[in-house]
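Structure below is entry24.cif: mmCIF, C-alpha atoms.
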data_work
#
loop_
_atom_site.label_atom_id
_atom_site.label_comp_id
_atom_site.auth_asym_id
_atom_site.auth_seq_id
_atom_site.Cartn_x
_atom_site.Cartn_y
_atom_site.Cartn_z
CA MET A 12 49.35 -8.53 134.54
CA THR A 13 52.79 -6.99 134.07
CA THR A 14 54.18 -4.24 136.24
CA GLN A 15 56.34 -1.50 134.84
CA LEU A 16 59.77 -1.24 136.46
CA THR A 17 59.08 2.40 137.34
CA GLN A 18 55.92 1.41 139.26
CA LEU A 19 57.75 -1.44 140.96
CA LYS A 20 60.46 0.97 142.15
CA GLN A 21 57.83 3.41 143.43
CA ASP A 22 56.08 0.61 145.35
CA PHE A 23 59.40 -0.53 146.81
CA THR A 24 60.25 3.03 147.83
CA GLU A 25 56.86 3.43 149.53
CA GLY A 26 57.38 0.13 151.33
CA LEU A 27 60.77 1.18 152.69
CA SER A 28 59.29 4.53 153.68
CA GLN A 29 56.79 2.67 155.86
CA ILE A 30 59.50 0.43 157.32
CA SER A 31 61.55 3.52 158.10
CA ARG A 32 58.64 5.03 159.97
CA PHE A 33 58.12 1.74 161.86
CA TRP A 34 61.72 1.95 163.11
CA GLY A 35 61.14 5.52 164.27
CA PHE A 36 62.89 7.28 161.41
CA PRO A 37 61.36 9.78 158.97
CA LYS A 38 59.60 8.31 155.93
CA GLY A 39 61.87 10.36 153.69
CA MET A 40 64.88 8.53 155.06
CA GLY A 41 63.42 5.22 153.92
CA ALA A 42 62.56 6.66 150.51
CA ILE A 43 66.10 7.99 150.03
CA PHE A 44 67.63 4.66 151.03
CA ALA A 45 65.27 2.79 148.67
CA VAL A 46 66.11 5.03 145.71
CA LEU A 47 69.83 4.68 146.36
CA TYR A 48 69.58 0.94 146.95
CA LEU A 49 67.87 0.36 143.61
CA SER A 50 70.27 2.61 141.71
CA PRO A 51 73.13 0.85 139.91
CA THR A 52 75.23 4.03 140.19
CA PRO A 53 75.73 6.64 142.91
CA LEU A 54 73.25 9.55 142.72
CA SER A 55 73.64 13.29 143.35
CA LEU A 56 71.29 15.22 145.64
CA ASP A 57 69.53 16.62 142.56
CA GLU A 58 68.93 13.11 141.21
CA ILE A 59 67.58 11.98 144.59
CA VAL A 60 65.25 15.02 144.62
CA GLN A 61 63.96 14.02 141.19
CA ALA A 62 63.44 10.39 142.24
CA THR A 63 61.75 11.05 145.60
CA GLY A 64 59.99 14.38 145.22
CA LEU A 65 61.46 15.52 148.55
CA THR A 66 63.09 18.92 148.94
CA LYS A 67 66.83 19.24 148.52
CA GLY A 68 67.14 20.52 152.10
CA ALA A 69 65.29 17.51 153.50
CA ILE A 70 67.36 15.13 151.42
CA SER A 71 70.60 16.79 152.48
CA THR A 72 69.65 16.39 156.15
CA GLU A 73 68.48 12.79 155.78
CA VAL A 74 71.50 11.76 153.70
CA ARG A 75 73.83 13.07 156.42
CA THR A 76 71.95 11.00 159.00
CA LEU A 77 72.02 7.92 156.77
CA ALA A 78 75.76 8.44 156.20
CA ARG A 79 76.40 8.80 159.94
CA MET A 80 74.55 5.51 160.46
CA GLY A 81 76.65 3.82 157.77
CA LEU A 82 73.62 3.13 155.56
CA VAL A 83 74.73 5.51 152.78
CA HIS A 84 78.21 6.26 151.49
CA ARG A 85 79.37 9.48 149.87
CA SER A 86 81.64 9.53 146.84
CA SER A 87 82.77 12.03 144.26
CA LYS A 88 83.62 12.07 140.59
CA LEU A 89 86.77 13.54 139.10
CA ALA A 90 86.26 17.14 137.92
CA ASP A 91 82.76 17.25 139.47
CA ARG A 92 82.06 19.31 142.58
CA LYS A 93 78.91 17.40 143.45
CA ASP A 94 78.76 14.67 146.07
CA TYR A 95 77.24 11.37 145.06
CA TYR A 96 75.63 8.80 147.33
CA GLU A 97 75.10 5.07 147.25
CA ALA A 98 73.32 2.71 149.66
CA GLU A 99 75.05 0.12 151.80
CA ASP A 100 74.13 -3.23 150.28
CA ASP A 101 75.25 -5.46 153.17
CA PHE A 102 71.99 -6.08 155.07
CA TYR A 103 73.74 -7.43 158.14
CA LYS A 104 75.86 -4.29 158.32
CA SER A 105 72.73 -2.15 157.85
CA ILE A 106 70.86 -3.86 160.68
CA ARG A 107 73.88 -3.47 162.96
CA SER A 108 73.96 0.24 162.10
CA ILE A 109 70.28 0.65 162.94
CA LEU A 110 70.69 -1.23 166.22
CA LYS A 111 73.78 0.80 167.11
CA GLU A 112 71.77 3.96 166.44
CA ARG A 113 69.36 2.67 169.06
CA GLN A 114 72.15 3.26 171.54
CA ASN A 115 72.24 6.99 170.90
CA SER A 116 71.90 9.44 173.78
CA GLU A 117 68.28 10.44 173.06
CA PHE A 118 67.09 6.86 173.19
CA ASP A 119 69.21 6.15 176.27
CA SER A 120 67.65 9.19 177.93
CA ALA A 121 64.15 7.84 177.24
CA VAL A 122 65.11 4.38 178.56
CA ARG A 123 66.65 5.98 181.65
CA SER A 124 63.41 7.89 182.23
CA VAL A 125 61.43 4.63 182.26
CA SER A 126 63.95 3.08 184.66
CA GLU A 127 63.78 6.09 187.00
CA THR A 128 59.98 6.01 186.96
CA LEU A 129 60.03 2.32 187.87
CA GLU A 130 62.49 2.99 190.70
CA LYS A 131 60.21 5.70 192.13
CA LEU A 132 57.22 3.39 191.95
CA GLU A 133 59.15 0.56 193.64
CA SER A 134 60.46 2.85 196.39
CA GLY A 135 56.95 3.44 197.72
CA SER A 136 57.43 7.21 197.61
CA VAL A 137 54.62 7.75 195.08
CA THR A 138 51.18 8.15 196.59
CA GLY A 139 47.77 7.85 195.00
CA ASP A 140 44.95 5.43 194.37
CA ALA A 141 46.28 1.91 195.00
CA ALA A 142 44.56 0.37 191.97
CA GLU A 143 45.86 3.09 189.67
CA LEU A 144 49.38 2.85 191.13
CA ASP A 145 49.32 -0.91 190.53
CA PHE A 146 48.16 -0.40 186.94
CA VAL A 147 50.85 2.23 186.24
CA TYR A 148 53.51 0.05 187.89
CA LYS A 149 52.61 -2.96 185.72
CA ARG A 150 52.66 -0.85 182.55
CA VAL A 151 56.02 0.77 183.34
CA GLN A 152 57.48 -2.58 184.40
CA ALA A 153 56.37 -4.17 181.10
CA LEU A 154 57.98 -1.34 179.14
CA GLN A 155 61.20 -1.73 181.14
CA GLU A 156 61.24 -5.47 180.41
CA PHE A 157 60.77 -4.72 176.71
CA PHE A 158 63.67 -2.24 176.71
CA ASN A 159 65.85 -4.78 178.55
CA ALA A 160 65.03 -7.37 175.88
CA ILE A 161 65.82 -4.90 173.08
CA ASP A 162 69.12 -4.04 174.78
CA GLY A 163 69.97 -7.75 175.01
CA LEU A 164 69.12 -8.28 171.35
CA THR A 165 71.14 -5.24 170.30
CA LYS A 166 74.19 -6.41 172.25
CA ALA A 167 73.87 -9.93 170.81
CA VAL A 168 73.64 -8.70 167.20
CA ILE A 169 76.58 -6.35 167.67
CA LYS A 170 78.56 -9.17 169.31
CA LEU A 171 77.87 -11.39 166.28
CA GLU A 172 79.89 -8.91 164.23
CA SER A 173 83.08 -10.40 165.67
CA LEU A 174 82.12 -13.85 164.36
CA GLY A 175 81.89 -12.73 160.74
CA MET A 176 78.96 -13.14 158.36
CA THR A 177 79.94 -16.65 157.19
CA ASN A 178 79.93 -17.99 160.75
CA VAL A 179 76.66 -16.22 161.59
CA THR A 180 75.03 -17.79 158.51
CA LYS A 181 76.28 -21.24 159.62
CA ILE A 182 74.88 -20.73 163.13
CA LEU A 183 71.52 -19.59 161.79
CA SER A 184 71.29 -22.56 159.41
CA VAL A 185 71.73 -24.94 162.36
CA LEU A 186 68.86 -23.21 164.20
CA LYS A 187 66.41 -23.76 161.32
#

Show this structure as structure tokens.
Amino acid sequence: MTTQLTQLKQDFTEGLSQISRFWGFPKGMGAIFAVLYLSPTPLSLDEIVQATGLTKGAISTEVRTLARMGLVHRSSKLADRKDYYEAEDDFYKSIRSILKERQNSEFDSAVRSVSETLEKLESGSVTGDAAELDFVYKRVQALQEFFNAIDGLTKAVIKLESLGMTNVTKILSVLK
């Protein structure tokens, strides 16, 4: 059974929409990135609207976020007032951008909240049913350990940037 290229692109776009949602970003952001990634030329907002079915306002907002993250780049054409956008095609750079975004103030605030909750539980200042306190403590502690691991991973990936992609590929091939 053969698949039409148009259907393949739609399936790919839907897949990236789901991945986007998994990472905590809007589905539309994944769809926009997918459409731009599969386009051989930069696209205008109107062309992205046509390809995704999203509103121009939503696309404008999401494209700005993607550009801030370094996942999309804006360009222009001579004698054309429109902005055009293309996807970053360096996957390593894209992953670093996503992980760096993890370090934004909203996420840090949420992580700090978990840490403060754990500190209160460990201080003994919280009263209540002992079994329930123990349960809550274990859950919050597990979440804190997860965030610590994610922080470590993020720092390691960002640190790899200084080694260069060729060296990272060599290191990874040795680990296989």

*Leaving out stretch 46-59 of chain A and any residue of its chain fewer than 2 positions from it, which residues lie within 10 Å of it when counting only C-alpha atoms, given as a ChimeraX atom specification?*
/A:20-21,23-24,27,41-44,61-68,70-71,74,82-88,93-100

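Shortest separation to A:Val151 among A:Ser31, A:Ser126, A:Ser184, A:Thr17 occurs at residue A:Ser126, atoms counted being all atoms listed in the file.
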
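When atom CA of A:Arg32 is paired with atom CA of A:Glu73, their separation reads 13.2 Å.
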
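Counting from atom CA of A:Val122, the distance to atom CA of A:Lys170 is 21.2 Å.
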
*Identify which of the residues A:Ala45, A:Glu133, A:Lys38, A:Leu89 lies closest to A:Ala69, counting all atoms listed in the file when measuring atom-to-atom distances.*
A:Lys38

*asked:* Can you measure atom CA of A:Thr165 to atom CA of A:Ser108 for me? One decimal in Å is fine.
replied: 10.3 Å

Please, what is the axis-aligned box for every listed atom of stretch 125-129 of chain A with 3 Å on each side, as centre and edge lengths in Å to one decimal, as lines of an AutoDock Vina configuration file?
center_x = 62.0
center_y = 4.2
center_z = 185.1
size_x = 10.0
size_y = 9.8
size_z = 11.6

Subset file: stretch 142-174 of chain A, C-alpha atoms, as a compact mmCIF listing (two decimals), in the first residue's frame:
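Result written to result-v2.txt:
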# COMPACT_ATOMS: atom_id res chain seq x y z
CA ALA A 142 0.63 7.60 57.81
CA GLU A 143 -0.61 10.34 55.48
CA LEU A 144 2.39 12.57 56.29
CA ASP A 145 4.71 9.67 55.47
CA PHE A 146 2.89 9.03 52.19
CA VAL A 147 3.03 12.72 51.19
CA TYR A 148 6.70 12.95 52.20
CA LYS A 149 7.64 9.94 50.04
CA ARG A 150 5.73 11.33 47.05
CA VAL A 151 7.27 14.82 47.33
CA GLN A 152 10.72 13.33 47.90
CA ALA A 153 10.38 11.17 44.76
CA LEU A 154 9.36 14.22 42.73
CA GLN A 155 12.33 16.18 44.10
CA GLU A 156 14.69 13.34 43.13
CA PHE A 157 13.21 13.33 39.63
CA PHE A 158 13.70 17.10 39.27
CA ASN A 159 17.29 16.75 40.54
CA ALA A 160 17.93 14.09 37.89
CA ILE A 161 16.40 16.26 35.16
CA ASP A 162 18.56 19.19 36.30
CA GLY A 163 21.65 16.98 36.14
CA LEU A 164 20.74 15.76 32.67
CA THR A 165 20.04 19.29 31.47
CA LYS A 166 23.39 20.55 32.76
CA ALA A 167 25.21 17.60 31.19
CA VAL A 168 23.61 18.11 27.77
CA ILE A 169 24.30 21.84 27.85
CA LYS A 170 27.89 21.14 28.94
CA LEU A 171 28.32 18.81 25.94
CA GLU A 172 27.81 21.85 23.73
CA SER A 173 31.38 22.93 24.48
CA LEU A 174 32.72 19.61 23.15
